[in-house]
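A short worksheet on the structure shown next.
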Amino acid sequence: MNRIKADGNKVDSQKTDWLSLWLIAGGLFTFGIAERIKIAERVYDWRVVVLEPQDIQLSKYREVLNKLRQLNPPSGGHGIARFDAELILRFCQELLNHHQIIVNTEEDEFDDFLQSVNHFVSSFIGTHFGSKGQVYGVKEVFSLGLPGWISPKTSEELADYHNILTEHLSIVTTLSAEEGHSELLAAYRDFITSTSLENFFRFQVIYADYVVKYLADSKAKFFPRLFSLNGLNLMVKNFNHPQNDQELNLTDITQDLGFLRIAKAINSATVYAGKDEHGWDRIYGLAQRLSSQAGSKKDFIIELSIFLASYENENLRIDEELKKKGKARRIWTTKDDLDGIINLIENHGSSLVANLLIAYGYAKGWGKSKEADKTGVNSELEIEVDNE
């Protein structure tokens, strides 16, 4: 920290005029965020970051940053990846909070916020100082991007994005490096610091199996949090997928009835399952199996067909008993649903459809089918509004 640039890890004296050093120190204390990061038991590094403003007034910049540091700071006690993820999520919260205040106090000021958050601040840039006993040396220089999909267009959407950020934070803060969640946290950080939905898919596949494992553990200290359908819908709405020199709107897939019915079937067989609680067994490893075959249209359709056949056989076995006991019954999928998925795969590719199925299948907010019959005609696809 005694160097003009983070271009080395030596701590020898620098031949620099006092004014430059004073400006560095002043800038660090005014605009920097420094936090001790737990690396191992009784081992801590330092991570120092500053915002890289792009289109934001200085007064707004100061206010948002001060609120972040004083009222909503990220935690450094659970590893580097969680600190980085929390930093991005909490900064986005404070930026939205600032605009919420403007919307509530001034008329017609919302037009100033018709851009994504990374339009106002492009990234965080920082330096990681590794512990070397009594001193710290520069270990890496890094940059953390901001998500481009957080882009409220109305005051109602502003509130919805607040809910999404709270939801994501509730998931991230249940994970920690010391509990063995480093891979999950690193995958989530890759997503939230980028503008790529592919990074979210990579995280969701790992997280899906983690969720099912903990749901099945009767000795688990807590149940893992889930992404909501409302949050996923708002998130994917702002991602356009390039295909054949055109931008594909992902809602063309996620609003398809066959897609939704099969996603709900996946949810019933994995998340909303359990012999004792609901009357049917939980399927394990489905997300990994579907993901591993997603690169091939033929192989993915075969894997999905195997699941649907198994799912229907289970329905045939348990449906009448569930009906007699007055318990919630599972949705029935039809050949038309599978044909719809095949059509989506032909038009949009197996990888995209597979990953969206996994994301939606392992989400919360599906509700319960009030009635189910084997034809699927009277089976209601109910989606509940989840305000958790």
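In the structure tokens, each chain is lettered A, B, ... as it comes, each chain's residues begin at 1, and ligands are numbered from 1 in order of appearance.
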
Notebook entry, point to check: Hey, what does DSSP flag as helix (DSSP H, G or I) within segment 101-202 of chain A? Can you give it to me as a VMD selection string?
Noted result: chain A and resid 101 to 105 110 to 113 117 to 120 155 to 172 177 to 179 182 to 192 197 to 202

Next item on the list: Please identify all polymer residues within 6 Å of segment 76-89 of chain A, counting only C-alpha atoms, omitting same-chain residues fewer than 4 positions from it, and present them as number ranges by chain.
Entry: A: 36-39, 176-177, 185-186, 189

Note to self: Env of segment 212-225 of chain A: 12 Å cut, atoms = only C-alpha atoms, seq-sep filter 2 positions within chain, self excluded. Answer as a count of residues only.
What the structure shows: 43

Next item on the list: Write out as a PyMOL selection string the residues lying within 10 Å of Leu257 of chain A, counting only C-alpha atoms and excluding same-chain residues fewer than 3 positions away.
Entry: chain A and resi 253-254+260-263+336-337+340-341+381

Extract, using only C-alpha atoms, all DNA, RNA and protein residues at most 12 Å from Asn347 of chain A, discarding same-chain residues fewer than 2 positions from it, and format them as a PDB file with all heavy atoms, in the first residue's frame.
```
ATOM      1  N   GLN A 243     -28.421 -16.128 -31.087  1.00  0.00           N
ATOM      2  CA  GLN A 243     -28.650 -17.349 -31.862  1.00  0.00           C
ATOM      3  C   GLN A 243     -28.886 -16.993 -33.320  1.00  0.00           C
ATOM      4  O   GLN A 243     -29.793 -16.225 -33.645  1.00  0.00           O
ATOM      5  CB  GLN A 243     -29.847 -18.118 -31.294  1.00  0.00           C
ATOM      6  CG  GLN A 243     -30.120 -19.439 -32.011  1.00  0.00           C
ATOM      7  CD  GLN A 243     -31.308 -20.163 -31.401  1.00  0.00           C
ATOM      8  OE1 GLN A 243     -32.132 -19.566 -30.724  1.00  0.00           O
ATOM      9  NE2 GLN A 243     -31.399 -21.448 -31.646  1.00  0.00           N
ATOM     10  N   ASN A 244     -28.047 -17.549 -34.179  1.00  0.00           N
ATOM     11  CA  ASN A 244     -28.170 -17.316 -35.621  1.00  0.00           C
ATOM     12  C   ASN A 244     -28.231 -15.822 -35.948  1.00  0.00           C
ATOM     13  O   ASN A 244     -29.096 -15.363 -36.705  1.00  0.00           O
ATOM     14  CB  ASN A 244     -29.413 -18.027 -36.176  1.00  0.00           C
ATOM     15  CG  ASN A 244     -29.365 -19.525 -35.969  1.00  0.00           C
ATOM     16  OD1 ASN A 244     -28.289 -20.128 -35.979  1.00  0.00           O
ATOM     17  ND2 ASN A 244     -30.525 -20.136 -35.774  1.00  0.00           N
ATOM     18  N   LEU A 248     -32.338 -14.027 -28.995  1.00  0.00           N
ATOM     19  CA  LEU A 248     -33.486 -14.816 -28.573  1.00  0.00           C
ATOM     20  C   LEU A 248     -33.986 -14.328 -27.222  1.00  0.00           C
ATOM     21  O   LEU A 248     -33.216 -14.185 -26.271  1.00  0.00           O
ATOM     22  CB  LEU A 248     -33.092 -16.288 -28.475  1.00  0.00           C
ATOM     23  CG  LEU A 248     -34.080 -17.223 -27.774  1.00  0.00           C
ATOM     24  CD1 LEU A 248     -35.356 -17.355 -28.580  1.00  0.00           C
ATOM     25  CD2 LEU A 248     -33.456 -18.587 -27.536  1.00  0.00           C
ATOM     26  N   LEU A 250     -35.571 -15.144 -23.923  1.00  0.00           N
ATOM     27  CA  LEU A 250     -35.676 -16.403 -23.182  1.00  0.00           C
ATOM     28  C   LEU A 250     -37.089 -16.692 -22.702  1.00  0.00           C
ATOM     29  O   LEU A 250     -37.415 -17.844 -22.392  1.00  0.00           O
ATOM     30  CB  LEU A 250     -34.714 -16.387 -21.992  1.00  0.00           C
ATOM     31  CG  LEU A 250     -33.228 -16.294 -22.341  1.00  0.00           C
ATOM     32  CD1 LEU A 250     -32.388 -16.368 -21.083  1.00  0.00           C
ATOM     33  CD2 LEU A 250     -32.822 -17.393 -23.312  1.00  0.00           C
ATOM     34  N   ASP A 252     -39.562 -16.843 -24.477  1.00  0.00           N
ATOM     35  CA  ASP A 252     -40.162 -17.745 -25.454  1.00  0.00           C
ATOM     36  C   ASP A 252     -40.089 -19.189 -24.976  1.00  0.00           C
ATOM     37  O   ASP A 252     -40.939 -20.018 -25.334  1.00  0.00           O
ATOM     38  CB  ASP A 252     -39.444 -17.623 -26.811  1.00  0.00           C
ATOM     39  CG  ASP A 252     -39.634 -16.265 -27.449  1.00  0.00           C
ATOM     40  OD1 ASP A 252     -40.549 -15.538 -27.015  1.00  0.00           O
ATOM     41  OD2 ASP A 252     -38.863 -15.909 -28.358  1.00  0.00           O
ATOM     42  N   ILE A 253     -39.078 -19.488 -24.180  1.00  0.00           N
ATOM     43  CA  ILE A 253     -38.910 -20.841 -23.626  1.00  0.00           C
ATOM     44  C   ILE A 253     -39.635 -20.958 -22.292  1.00  0.00           C
ATOM     45  O   ILE A 253     -40.416 -21.889 -22.077  1.00  0.00           O
ATOM     46  CB  ILE A 253     -37.408 -21.174 -23.443  1.00  0.00           C
ATOM     47  CG1 ILE A 253     -36.680 -21.137 -24.786  1.00  0.00           C
ATOM     48  CG2 ILE A 253     -37.242 -22.534 -22.773  1.00  0.00           C
ATOM     49  CD1 ILE A 253     -35.182 -21.315 -24.676  1.00  0.00           C
ATOM     50  N   LYS A 297     -28.509 -33.032 -28.449  1.00  0.00           N
ATOM     51  CA  LYS A 297     -29.973 -33.045 -28.500  1.00  0.00           C
ATOM     52  C   LYS A 297     -30.511 -34.450 -28.259  1.00  0.00           C
ATOM     53  O   LYS A 297     -31.419 -34.651 -27.444  1.00  0.00           O
ATOM     54  CB  LYS A 297     -30.463 -32.537 -29.862  1.00  0.00           C
ATOM     55  CG  LYS A 297     -30.177 -31.077 -30.136  1.00  0.00           C
ATOM     56  CD  LYS A 297     -30.718 -30.675 -31.504  1.00  0.00           C
ATOM     57  CE  LYS A 297     -30.423 -29.205 -31.805  1.00  0.00           C
ATOM     58  NZ  LYS A 297     -30.936 -28.804 -33.135  1.00  0.00           N
ATOM     59  N   GLY A 340     -43.432 -30.607 -26.972  1.00  0.00           N
ATOM     60  CA  GLY A 340     -43.152 -29.180 -26.867  1.00  0.00           C
ATOM     61  C   GLY A 340     -41.707 -28.908 -26.523  1.00  0.00           C
ATOM     62  O   GLY A 340     -41.080 -27.991 -27.073  1.00  0.00           O
ATOM     63  N   ILE A 341     -41.144 -29.702 -25.607  1.00  0.00           N
ATOM     64  CA  ILE A 341     -39.731 -29.553 -25.246  1.00  0.00           C
ATOM     65  C   ILE A 341     -38.833 -29.874 -26.439  1.00  0.00           C
ATOM     66  O   ILE A 341     -37.850 -29.170 -26.709  1.00  0.00           O
ATOM     67  CB  ILE A 341     -39.384 -30.471 -24.054  1.00  0.00           C
ATOM     68  CG1 ILE A 341     -40.020 -29.934 -22.774  1.00  0.00           C
ATOM     69  CG2 ILE A 341     -37.871 -30.575 -23.865  1.00  0.00           C
ATOM     70  CD1 ILE A 341     -39.428 -28.639 -22.266  1.00  0.00           C
ATOM     71  N   ILE A 342     -39.174 -30.927 -27.167  1.00  0.00           N
ATOM     72  CA  ILE A 342     -38.386 -31.292 -28.352  1.00  0.00           C
ATOM     73  C   ILE A 342     -38.414 -30.166 -29.376  1.00  0.00           C
ATOM     74  O   ILE A 342     -37.398 -29.839 -29.996  1.00  0.00           O
ATOM     75  CB  ILE A 342     -38.911 -32.613 -28.959  1.00  0.00           C
ATOM     76  CG1 ILE A 342     -38.656 -33.781 -27.990  1.00  0.00           C
ATOM     77  CG2 ILE A 342     -38.263 -32.885 -30.311  1.00  0.00           C
ATOM     78  CD1 ILE A 342     -39.277 -35.089 -28.421  1.00  0.00           C
ATOM     79  N   ASN A 343     -39.559 -29.547 -29.538  1.00  0.00           N
ATOM     80  CA  ASN A 343     -39.677 -28.419 -30.460  1.00  0.00           C
ATOM     81  C   ASN A 343     -38.809 -27.241 -30.004  1.00  0.00           C
ATOM     82  O   ASN A 343     -38.133 -26.594 -30.815  1.00  0.00           O
ATOM     83  CB  ASN A 343     -41.134 -27.986 -30.567  1.00  0.00           C
ATOM     84  CG  ASN A 343     -41.329 -26.873 -31.584  1.00  0.00           C
ATOM     85  OD1 ASN A 343     -40.994 -27.009 -32.759  1.00  0.00           O
ATOM     86  ND2 ASN A 343     -41.870 -25.741 -31.123  1.00  0.00           N
ATOM     87  N   LEU A 344     -38.810 -26.975 -28.697  1.00  0.00           N
ATOM     88  CA  LEU A 344     -37.949 -25.904 -28.160  1.00  0.00           C
ATOM     89  C   LEU A 344     -36.471 -26.225 -28.389  1.00  0.00           C
ATOM     90  O   LEU A 344     -35.673 -25.337 -28.721  1.00  0.00           O
ATOM     91  CB  LEU A 344     -38.215 -25.717 -26.670  1.00  0.00           C
ATOM     92  CG  LEU A 344     -39.561 -25.115 -26.265  1.00  0.00           C
ATOM     93  CD1 LEU A 344     -39.716 -25.126 -24.747  1.00  0.00           C
ATOM     94  CD2 LEU A 344     -39.685 -23.684 -26.792  1.00  0.00           C
ATOM     95  N   ILE A 345     -36.111 -27.494 -28.214  1.00  0.00           N
ATOM     96  CA  ILE A 345     -34.721 -27.906 -28.426  1.00  0.00           C
ATOM     97  C   ILE A 345     -34.322 -27.724 -29.879  1.00  0.00           C
ATOM     98  O   ILE A 345     -33.221 -27.259 -30.188  1.00  0.00           O
ATOM     99  CB  ILE A 345     -34.533 -29.373 -27.977  1.00  0.00           C
ATOM    100  CG1 ILE A 345     -34.636 -29.475 -26.448  1.00  0.00           C
ATOM    101  CG2 ILE A 345     -33.197 -29.923 -28.453  1.00  0.00           C
ATOM    102  CD1 ILE A 345     -34.663 -30.895 -25.928  1.00  0.00           C
ATOM    103  N   GLY A 349     -31.834 -25.089 -29.174  1.00  0.00           N
ATOM    104  CA  GLY A 349     -30.674 -25.852 -28.727  1.00  0.00           C
ATOM    105  C   GLY A 349     -30.921 -26.558 -27.404  1.00  0.00           C
ATOM    106  O   GLY A 349     -31.657 -26.072 -26.538  1.00  0.00           O
ATOM    107  N   SER A 350     -30.294 -27.716 -27.241  1.00  0.00           N
ATOM    108  CA  SER A 350     -30.536 -28.536 -26.047  1.00  0.00           C
ATOM    109  C   SER A 350     -29.897 -27.947 -24.800  1.00  0.00           C
ATOM    110  O   SER A 350     -30.440 -28.065 -23.697  1.00  0.00           O
ATOM    111  CB  SER A 350     -30.005 -29.957 -26.279  1.00  0.00           C
ATOM    112  OG  SER A 350     -28.624 -29.925 -26.631  1.00  0.00           O
ATOM    113  N   SER A 351     -28.748 -27.310 -24.927  1.00  0.00           N
ATOM    114  CA  SER A 351     -28.042 -26.800 -23.745  1.00  0.00           C
ATOM    115  C   SER A 351     -28.851 -25.724 -23.028  1.00  0.00           C
ATOM    116  O   SER A 351     -29.015 -25.760 -21.803  1.00  0.00           O
ATOM    117  CB  SER A 351     -26.673 -26.246 -24.150  1.00  0.00           C
ATOM    118  OG  SER A 351     -25.982 -25.741 -23.027  1.00  0.00           O
ATOM    119  N   LEU A 352     -29.375 -24.771 -23.785  1.00  0.00           N
ATOM    120  CA  LEU A 352     -30.147 -23.679 -23.193  1.00  0.00           C
ATOM    121  C   LEU A 352     -31.427 -24.204 -22.552  1.00  0.00           C
ATOM    122  O   LEU A 352     -31.753 -23.847 -21.406  1.00  0.00           O
ATOM    123  CB  LEU A 352     -30.479 -22.636 -24.258  1.00  0.00           C
ATOM    124  CG  LEU A 352     -31.291 -21.420 -23.801  1.00  0.00           C
ATOM    125  CD1 LEU A 352     -30.546 -20.645 -22.720  1.00  0.00           C
ATOM    126  CD2 LEU A 352     -31.607 -20.519 -24.986  1.00  0.00           C
ATOM    127  N   VAL A 353     -32.151 -25.053 -23.251  1.00  0.00           N
ATOM    128  CA  VAL A 353     -33.411 -25.591 -22.721  1.00  0.00           C
ATOM    129  C   VAL A 353     -33.146 -26.437 -21.480  1.00  0.00           C
ATOM    130  O   VAL A 353     -33.861 -26.343 -20.474  1.00  0.00           O
ATOM    131  CB  VAL A 353     -34.143 -26.420 -23.800  1.00  0.00           C
ATOM    132  CG1 VAL A 353     -35.381 -27.098 -23.214  1.00  0.00           C
ATOM    133  CG2 VAL A 353     -34.539 -25.529 -24.970  1.00  0.00           C
TER     134      VAL A 353
END
```

Next item on the list: Would you kindly return, as a PyMOL selection string, each protein, DNA or RNA residue with an atom no farther than 6 Å from any atom of segment 142-154 of chain A, considering only C-alpha atoms and excluding same-chain residues fewer than 5 positions away?
Entry: chain A and resi 114-116+118+123-126+192-195+238

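Between atom CA of Gly133 of chain A and atom CA of Phe29 of chain A the separation is 24.6 Å.
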
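Compared by their closest atoms to Ala34 of chain A, and using only C-alpha atoms, the residues A:His128, A:Ser20, A:Ala265, A:Asn97 rank with A:His128 nearest.
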
In segment 29-181 of chain A, what's strand (DSSP E or B) per DSSP? Answer as a compact mmCIF listing (two decimals) with C-alpha atoms, in the first residue's frame?
```
# COMPACT_ATOMS: atom_id res chain seq x y z
CA GLY A 32 -12.01 2.43 -0.49
CA ILE A 33 -13.44 -0.62 1.26
CA ALA A 34 -10.96 -2.72 3.22
CA GLU A 35 -11.81 -5.96 5.00
CA ARG A 36 -9.91 -8.74 6.71
CA ILE A 37 -10.69 -12.01 4.93
CA LYS A 38 -10.51 -15.34 6.71
CA ILE A 39 -8.37 -17.72 4.66
CA ALA A 40 -7.89 -20.50 7.18
CA VAL A 43 -5.13 -16.85 9.11
CA TYR A 44 -6.45 -13.59 7.66
CA ASP A 45 -5.58 -11.61 4.52
CA TRP A 46 -6.65 -8.10 3.57
CA ARG A 47 -8.79 -7.27 0.56
CA VAL A 48 -9.03 -3.62 -0.53
CA VAL A 49 -11.47 -2.53 -3.24
CA VAL A 50 -12.61 0.73 -4.80
CA LEU A 51 -15.45 1.49 -7.18
CA GLU A 52 -14.78 2.34 -10.79
CA PRO A 53 -17.49 4.95 -11.49
CA VAL A 121 -20.52 1.86 -11.87
CA SER A 122 -18.65 -0.48 -14.19
CA SER A 123 -16.79 -2.58 -11.62
CA PHE A 124 -14.85 -2.87 -8.40
CA ILE A 125 -11.08 -2.93 -8.74
CA GLY A 126 -8.96 -4.14 -5.87
CA THR A 127 -5.80 -5.57 -4.41
CA HIS A 128 -5.50 -8.67 -2.26
CA PHE A 129 -2.79 -8.55 0.40
CA GLY A 130 -1.60 -11.96 1.57
CA SER A 131 -0.42 -12.56 5.12
CA LYS A 132 3.33 -13.14 5.51
CA VAL A 135 3.56 -8.14 7.26
CA TYR A 136 1.25 -8.29 4.23
CA GLY A 137 2.33 -8.44 0.61
CA VAL A 138 0.47 -7.96 -2.66
CA LYS A 139 -0.94 -11.32 -3.73
CA GLU A 140 -3.15 -10.32 -6.65
CA VAL A 141 -4.76 -7.40 -8.40
CA PHE A 142 -8.34 -8.13 -9.45
CA SER A 143 -11.53 -6.70 -10.90
CA LEU A 144 -15.16 -7.56 -10.07
CA GLY A 145 -17.83 -6.66 -12.60
```

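Using only C-alpha atoms, the smallest distance between any of A:Ser75, A:Thr30, A:Ser292, A:Thr333 and Glu63 of chain A comes from A:Thr30.
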